[in-house]
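Here's the structure, in structure tokens; my notes come after.
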Amino acid sequence: MTDQQERKNQSNATEDEFDDGISLWAIVEPLWAYRRVIGTVFLGVAALSGVLLLAAFLFFPAERLGSLQFRLLFDGASDNKYPNGTPFNAAEIVGTPVLTDVYRANDLQRFGSYQAFRDAVFILQSNLQLELLADEYQARLSDTKLTAVDRSRVEEEFKKKRDSLKDPVFTLSLRRNEIVTRMPRDLVEKTLTDVLATWAKQAVELKGVTVYNVPVLSRNILRPDILEAEDYLVAVDVLRVTANRILETATKLDMLPGADIIRTGKSQISLAEVKANLEDVERFQLQPLLGIIRAEGLTKNAPDLSRYVGAQLFELKLRRDTSLAKITAIQNALQDYSMQGMSRSTGETRAGGAGTNAGRFPPSADTPTMIPQLGEGFLDRLVQMSTQTQVSDVQYRQRLTDLIIDGSKELASYDQELAFYDGMQKALQAGRGGASSSAEGIAIVKGRAKKALDAIGVALDQTMSLYRDLSAHNLNPSTQLYMVTQPFILQTQRFLTFRMAGVYYALILALTLMVVPAGCLAHSALKKKA
């Protein structure tokens, strides 16, 4: 009896142990019943997701970036200046005039609108050393322990090093998001090349960046019919004024580098010789002609001639008064500024003296002694500010003085012209005042005036030739304003890459293996409850 009870107890204990264990058959059995459903759904999801990912890879937009690196070759590019000194900005290379011509020349409207093309083209400066320098000083300036003086010193140091590392190397790029219409590789390269060529052409031909920014006159200012259309005295006076204008232009050219030694044309004439010939024309041809006209009373209409001289006198007097008023205003401004500077200096001296005297008396017992702590950086900053103030003060005074000198020269030229026309008016009032019928005198005036006109035309041509030769010699005006430094690069970045598609495909399959069996188990449980 006892043995039977023990065997029974052992049997019950074994059953209890099996009841407390975990059995997977309750999960595997329903899944095995749904094995065909699970396999069918998994294969269907795998096939459908594969097709969808492949379609997405083929038809989703791909970003294509074409880049062309180039270097600017003209002098002043690192200082943002053209060879003639006019300001330069890299944004001009991708400006509206350039892109409009390129868009029309390459018929790019078939690949999108002009606005889309304009937004797709951009330019960036390429300088690895400058980027490394910026990163270095960015780390130094991010230090919170820097004082204001130390931070200012670090910024000044960075600016100096940055200016020394300026390198006119840029990258011109064209970025497009393409779905159906795809721009060929050769067209992308040609578009970027045409942008550079069009900019260089417009800069040379339209802006004249490779010639000096000096107003040079041409034969367009001469009127071949002036001797027939105007009165004799008026025609010769116009030639005299034209000769003076050419002399002024030659004087401006004479200030350019190398103007003293350069020669041009077959005769190898110099700028000094051109000026001498013009002075001879005015002194030995035009001035005697004016004397003959006044002495002989040669005129086509005496009242009109008198009115012409009076109008010239009136206009010159107005210009002279205006110039004199400007000179007076600048002189008064300079005088007031000088007096203010003296007042500031006197005030600072008195303040310093008062401080010195105050320092002689010992502080009282109730007044704490304050000892200012001035660092070396603070003192250096004060000295630098003082030096900058003195430099700007001297520059301002020099600028006002130069304006006064220029105004005085202009006033002297007005006085000379006033004396000339005043003498002409007196001569007309003392002359015969009527039309002369001396055919010989008229022939002499016309013949000499024609020679003077031809000489002035030759001087205009020679001045223009010297101007171009000077620009060519000093500014190196070549259409090759740039040089491509690296081959054309075209990069394609798809919205969906192969690696991303593989990752997505694996995730979809893994998710399917988790969701479909869970749905089958849920369906089996609901079925049992029903």
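For the structure tokens, the naming scheme is as follows: chains receive sequential letters (A, B, ...) according to their order of presentation, residues are indexed from 1 within each chain, and ligands are indexed from 1 in presentation order.
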Can you tell me, as a PyMOL selection string, which residues in segment 443-519 of chain A count as strand (DSSP E) by DSSP? chain A and resi 482-484+489-494
Selection file, C-alpha atoms, as an mmCIF file, in the first residue's frame:
```cif
data_model
loop_
_atom_site.group_PDB
_atom_site.id
_atom_site.type_symbol
_atom_site.label_atom_id
_atom_site.label_comp_id
_atom_site.auth_asym_id
_atom_site.auth_seq_id
_atom_site.Cartn_x
_atom_site.Cartn_y
_atom_site.Cartn_z
ATOM 1 C CA TYR A 482 40.231 82.849 -66.527
ATOM 2 C CA MET A 483 41.752 79.383 -66.777
ATOM 3 C CA VAL A 484 40.029 76.060 -66.106
ATOM 4 C CA ILE A 489 32.997 66.649 -63.122
ATOM 5 C CA LEU A 490 29.433 65.301 -63.277
ATOM 6 C CA GLN A 491 28.032 63.604 -60.180
ATOM 7 C CA THR A 492 24.675 61.827 -60.029
ATOM 8 C CA GLN A 493 22.945 61.437 -56.682
ATOM 9 C CA ARG A 494 19.717 59.404 -56.843
#
```
In segment 19-249 of chain A, what's alpha helix (DSSP H) per DSSP? Answer as a PyMOL selection string? chain A and resi 19-20+25-33+35-59+96-105+114-120+128-141+148-164+185-205+226-229+232-249
Which one of A:Ser152, A:Asn177, A:Ser49, A:Phe488 sits closest to Glu189 of chain A if you count only C-alpha atoms?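 Counting only C-alpha atoms, the residue closest to Glu189 of chain A is A:Phe488.
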Given only C-alpha atoms as the basis, pick out the residue of A:Leu298, A:Ala276, A:Glu282, A:Tyr82 nearest to Lys207 of chain A.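 Ranked by minimum distance to Lys207 of chain A, first place goes to A:Tyr82.
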So which residues touch segment 87-89 of chain A within 8 Å, counting only C-alpha atoms, skipping near sequence neighbours fewer than 6 positions away, as a list of chain:residue names?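 Contacts, in chain order: A:Ala77, A:Asn80, A:Lys81.
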Env of segment 119-125 of chain A: 7 Å cut, atoms = only C-alpha atoms, seq-sep filter 6 positions within chain, self excluded. Answer as an NGL selection string. :A and (94 or 169-176)
Could you turn the residues from that selection into a file that holds N, CA, C and O atoms, as a PDB file, in the first residue's frame?
```
ATOM      1  N   VAL A  94      27.595  84.734 -62.794  1.00  0.00           N
ATOM      2  CA  VAL A  94      26.295  84.070 -62.937  1.00  0.00           C
ATOM      3  C   VAL A  94      25.170  85.103 -62.887  1.00  0.00           C
ATOM      4  O   VAL A  94      24.068  84.813 -62.426  1.00  0.00           O
ATOM      5  N   VAL A 169      40.244  81.273 -56.900  1.00  0.00           N
ATOM      6  CA  VAL A 169      39.843  79.995 -57.472  1.00  0.00           C
ATOM      7  C   VAL A 169      38.374  79.769 -57.120  1.00  0.00           C
ATOM      8  O   VAL A 169      37.995  79.857 -55.946  1.00  0.00           O
ATOM      9  N   PHE A 170      37.557  79.481 -58.121  1.00  0.00           N
ATOM     10  CA  PHE A 170      36.122  79.327 -57.935  1.00  0.00           C
ATOM     11  C   PHE A 170      35.656  78.034 -58.598  1.00  0.00           C
ATOM     12  O   PHE A 170      36.343  77.473 -59.457  1.00  0.00           O
ATOM     13  N   THR A 171      34.489  77.589 -58.188  1.00  0.00           N
ATOM     14  CA  THR A 171      33.845  76.407 -58.781  1.00  0.00           C
ATOM     15  C   THR A 171      32.470  76.821 -59.276  1.00  0.00           C
ATOM     16  O   THR A 171      31.630  77.285 -58.483  1.00  0.00           O
ATOM     17  N   LEU A 172      32.251  76.659 -60.568  1.00  0.00           N
ATOM     18  CA  LEU A 172      30.963  76.953 -61.196  1.00  0.00           C
ATOM     19  C   LEU A 172      30.191  75.651 -61.323  1.00  0.00           C
ATOM     20  O   LEU A 172      30.713  74.665 -61.859  1.00  0.00           O
ATOM     21  N   SER A 173      28.953  75.627 -60.827  1.00  0.00           N
ATOM     22  CA  SER A 173      28.192  74.373 -60.763  1.00  0.00           C
ATOM     23  C   SER A 173      26.803  74.569 -61.332  1.00  0.00           C
ATOM     24  O   SER A 173      26.235  75.674 -61.313  1.00  0.00           O
ATOM     25  N   LEU A 174      26.259  73.458 -61.827  1.00  0.00           N
ATOM     26  CA  LEU A 174      24.888  73.396 -62.346  1.00  0.00           C
ATOM     27  C   LEU A 174      24.220  72.186 -61.707  1.00  0.00           C
ATOM     28  O   LEU A 174      24.629  71.051 -61.930  1.00  0.00           O
ATOM     29  N   ARG A 175      23.190  72.423 -60.892  1.00  0.00           N
ATOM     30  CA  ARG A 175      22.479  71.351 -60.200  1.00  0.00           C
ATOM     31  C   ARG A 175      21.069  71.227 -60.778  1.00  0.00           C
ATOM     32  O   ARG A 175      20.326  72.204 -60.863  1.00  0.00           O
ATOM     33  N   ARG A 176      20.712  69.991 -61.167  1.00  0.00           N
ATOM     34  CA  ARG A 176      19.399  69.724 -61.748  1.00  0.00           C
ATOM     35  C   ARG A 176      18.784  68.492 -61.097  1.00  0.00           C
ATOM     36  O   ARG A 176      19.461  67.488 -60.868  1.00  0.00           O
TER      37      ARG A 176
END
```
